[in-house]
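Remarks on the structure that follows.
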Amino acid sequence: KIGHYLSAINKNTGLIEWEWTGRAGFLQNGTIAAHDGRVFGSITRRVTTLPYNCTVLAFSDVDNGGEKLWEYRGGAGLTTPVITDDKLIFGSSADVFITCLDPENGDVKWKFYTGGEMMENGPALYGNKVYAQCRNGWLYAIQ
């Protein structure tokens, strides 16, 4: 399916296990990640102008039916997140920050001002740093 759906497909049968439908006018854009029994995605509105209107969502795992656990408005978009045990880190096509959320509850752990949106790429983790390339041409290393 295309559009404003987030679907969990059984890897063995190809059948949809659960599906979530986003708000009217929003698109799910494929920036999905999974970690520790949770699925993280984002939805985007107005993809023709910057900054985009984006929301990060967290769902319970497939076995538990994909219940929405929390949402964070103003982040992600055309970027993919990276996840550790206690951090969900993403750049954004919605604003000029790299943001770190607590994957358990969506609370902001930190935000780093970049001055430019992160477009169609994701941050990378190496050691104790996150690296992010932003639209303004800068590559940031954040410890």
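If you're wondering about the labels, chains in the structure tokens are A, B, ... by order shown, residues count from 1 in each chain, ligands from 1 in order shown.
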Discussion item. Would you pick out the contacts of stretch 81-98 of chain A at 9 Å or less, using only C-alpha atoms, so that residues sharing its chain but fewer than 4 positions from it are not included, and give the list as a PyMOL selection string?
Written reply: chain A and resi 31-36+40-41+44+50-55+74-77+102-104+106+109-125+130+132-134
Output N, CA and C atoms for every residue in that selection, as a compact mmCIF listing (two decimals), in the first residue's frame.
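The file below, part_38.txt, is the result:
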```
# COMPACT_ATOMS: atom_id res chain seq x y z
N THR A 31 10.59 5.72 6.65
CA THR A 31 11.72 5.80 7.59
C THR A 31 11.41 4.97 8.83
N ILE A 32 11.44 3.67 8.67
CA ILE A 32 11.06 2.74 9.73
C ILE A 32 12.32 2.15 10.37
N ALA A 33 12.26 1.96 11.68
CA ALA A 33 13.33 1.28 12.41
C ALA A 33 12.69 0.45 13.51
N ALA A 34 13.37 -0.59 13.94
CA ALA A 34 12.85 -1.44 15.01
C ALA A 34 13.97 -1.74 15.99
N HIS A 35 13.60 -1.82 17.27
CA HIS A 35 14.58 -2.13 18.31
C HIS A 35 13.84 -2.49 19.59
N ASP A 36 14.30 -3.55 20.25
CA ASP A 36 13.84 -3.90 21.58
C ASP A 36 12.31 -3.99 21.68
N PHE A 40 9.51 2.10 15.10
CA PHE A 40 9.50 3.56 15.03
C PHE A 40 9.32 3.97 13.57
N GLY A 41 8.44 4.93 13.34
CA GLY A 41 8.21 5.43 11.99
C GLY A 41 7.92 6.91 12.05
N THR A 44 4.57 12.49 7.38
CA THR A 44 4.95 13.81 6.88
C THR A 44 3.76 14.45 6.17
N LEU A 50 9.72 23.35 2.40
CA LEU A 50 10.44 23.17 3.66
C LEU A 50 10.05 24.27 4.63
N PRO A 51 10.02 24.07 5.91
CA PRO A 51 10.22 22.77 6.54
C PRO A 51 8.94 21.93 6.47
N TYR A 52 9.09 20.61 6.48
CA TYR A 52 7.95 19.69 6.46
C TYR A 52 7.32 19.65 7.84
N ASN A 53 6.07 19.25 7.87
CA ASN A 53 5.36 19.02 9.12
C ASN A 53 5.43 17.53 9.40
N CYS A 54 6.25 17.11 10.37
CA CYS A 54 6.52 15.69 10.59
C CYS A 54 6.22 15.26 12.02
N THR A 55 5.94 13.98 12.17
CA THR A 55 5.68 13.38 13.48
C THR A 55 6.38 12.04 13.56
N GLY A 74 7.24 17.32 15.13
CA GLY A 74 8.30 18.25 14.79
C GLY A 74 9.62 17.62 14.47
N GLY A 75 9.66 16.31 14.22
CA GLY A 75 10.93 15.70 13.91
C GLY A 75 10.82 14.64 12.85
N ALA A 76 11.95 14.21 12.35
CA ALA A 76 12.10 13.18 11.32
C ALA A 76 11.58 13.68 9.98
N GLY A 77 10.90 12.86 9.24
CA GLY A 77 10.47 13.23 7.91
C GLY A 77 11.12 12.33 6.89
N ASP A 102 14.04 9.55 24.16
CA ASP A 102 14.01 8.32 24.93
C ASP A 102 13.05 7.37 24.20
N PRO A 103 13.52 6.21 23.71
CA PRO A 103 12.63 5.33 22.95
C PRO A 103 11.48 4.76 23.78
N GLU A 104 11.61 4.79 25.09
CA GLU A 104 10.54 4.26 25.95
C GLU A 104 9.30 5.15 25.97
N GLY A 106 9.35 8.77 24.41
CA GLY A 106 9.37 9.89 23.47
C GLY A 106 9.83 11.21 24.06
N LYS A 109 15.75 13.90 25.07
CA LYS A 109 16.96 13.78 25.89
C LYS A 109 17.90 14.94 25.58
N TRP A 110 18.05 15.28 24.28
CA TRP A 110 18.83 16.45 23.88
C TRP A 110 18.46 16.83 22.46
N LYS A 111 18.77 18.09 22.13
CA LYS A 111 18.62 18.61 20.77
C LYS A 111 19.88 19.39 20.44
N PHE A 112 20.35 19.25 19.19
CA PHE A 112 21.55 19.94 18.74
C PHE A 112 21.18 20.79 17.54
N TYR A 113 21.44 22.09 17.60
CA TYR A 113 21.13 23.02 16.52
C TYR A 113 22.16 22.88 15.40
N THR A 114 21.69 22.64 14.18
CA THR A 114 22.59 22.51 13.03
C THR A 114 22.50 23.69 12.07
N GLY A 115 21.37 24.38 12.08
CA GLY A 115 21.18 25.49 11.14
C GLY A 115 20.73 25.05 9.76
N GLY A 116 20.55 23.75 9.55
CA GLY A 116 20.08 23.23 8.26
C GLY A 116 19.36 21.91 8.45
N GLU A 117 18.36 21.67 7.63
CA GLU A 117 17.63 20.41 7.71
C GLU A 117 18.51 19.25 7.25
N MET A 118 18.21 18.08 7.75
CA MET A 118 18.85 16.86 7.26
C MET A 118 17.89 16.28 6.24
N MET A 119 18.36 16.06 5.03
CA MET A 119 17.46 15.64 3.96
C MET A 119 17.82 14.26 3.43
N GLU A 120 16.88 13.36 3.45
CA GLU A 120 16.95 12.04 2.82
C GLU A 120 18.22 11.27 3.15
N ASN A 121 18.68 11.39 4.35
CA ASN A 121 19.77 10.56 4.84
C ASN A 121 19.57 10.38 6.34
N GLY A 122 20.37 9.57 6.93
CA GLY A 122 20.23 9.35 8.36
C GLY A 122 21.54 9.54 9.08
N PRO A 123 21.48 9.79 10.37
CA PRO A 123 22.71 9.89 11.15
C PRO A 123 23.37 8.52 11.27
N ALA A 124 24.64 8.51 11.61
CA ALA A 124 25.39 7.27 11.80
C ALA A 124 26.03 7.30 13.18
N LEU A 125 26.08 6.16 13.83
CA LEU A 125 26.73 6.03 15.13
C LEU A 125 28.07 5.34 14.96
N VAL A 130 27.61 10.55 17.27
CA VAL A 130 26.66 10.46 16.16
C VAL A 130 27.14 11.45 15.10
N ALA A 132 26.25 13.37 11.39
CA ALA A 132 25.10 13.76 10.58
C ALA A 132 25.50 14.79 9.54
N GLN A 133 25.10 14.55 8.30
CA GLN A 133 25.31 15.48 7.19
C GLN A 133 24.02 16.27 7.00
N CYS A 134 24.12 17.60 6.99
CA CYS A 134 22.93 18.44 6.88
C CYS A 134 22.92 19.20 5.56
```
Worksheet item: DSSP says strand (DSSP E) for which residues of chain A? Put them as a PyMOL selection string?
Response: chain A and resi 5-9+16-21+27-28+33-35+38-45+53-60+68-73+82-83+88-90+97-101+108-113+124-126+129-133+139-142
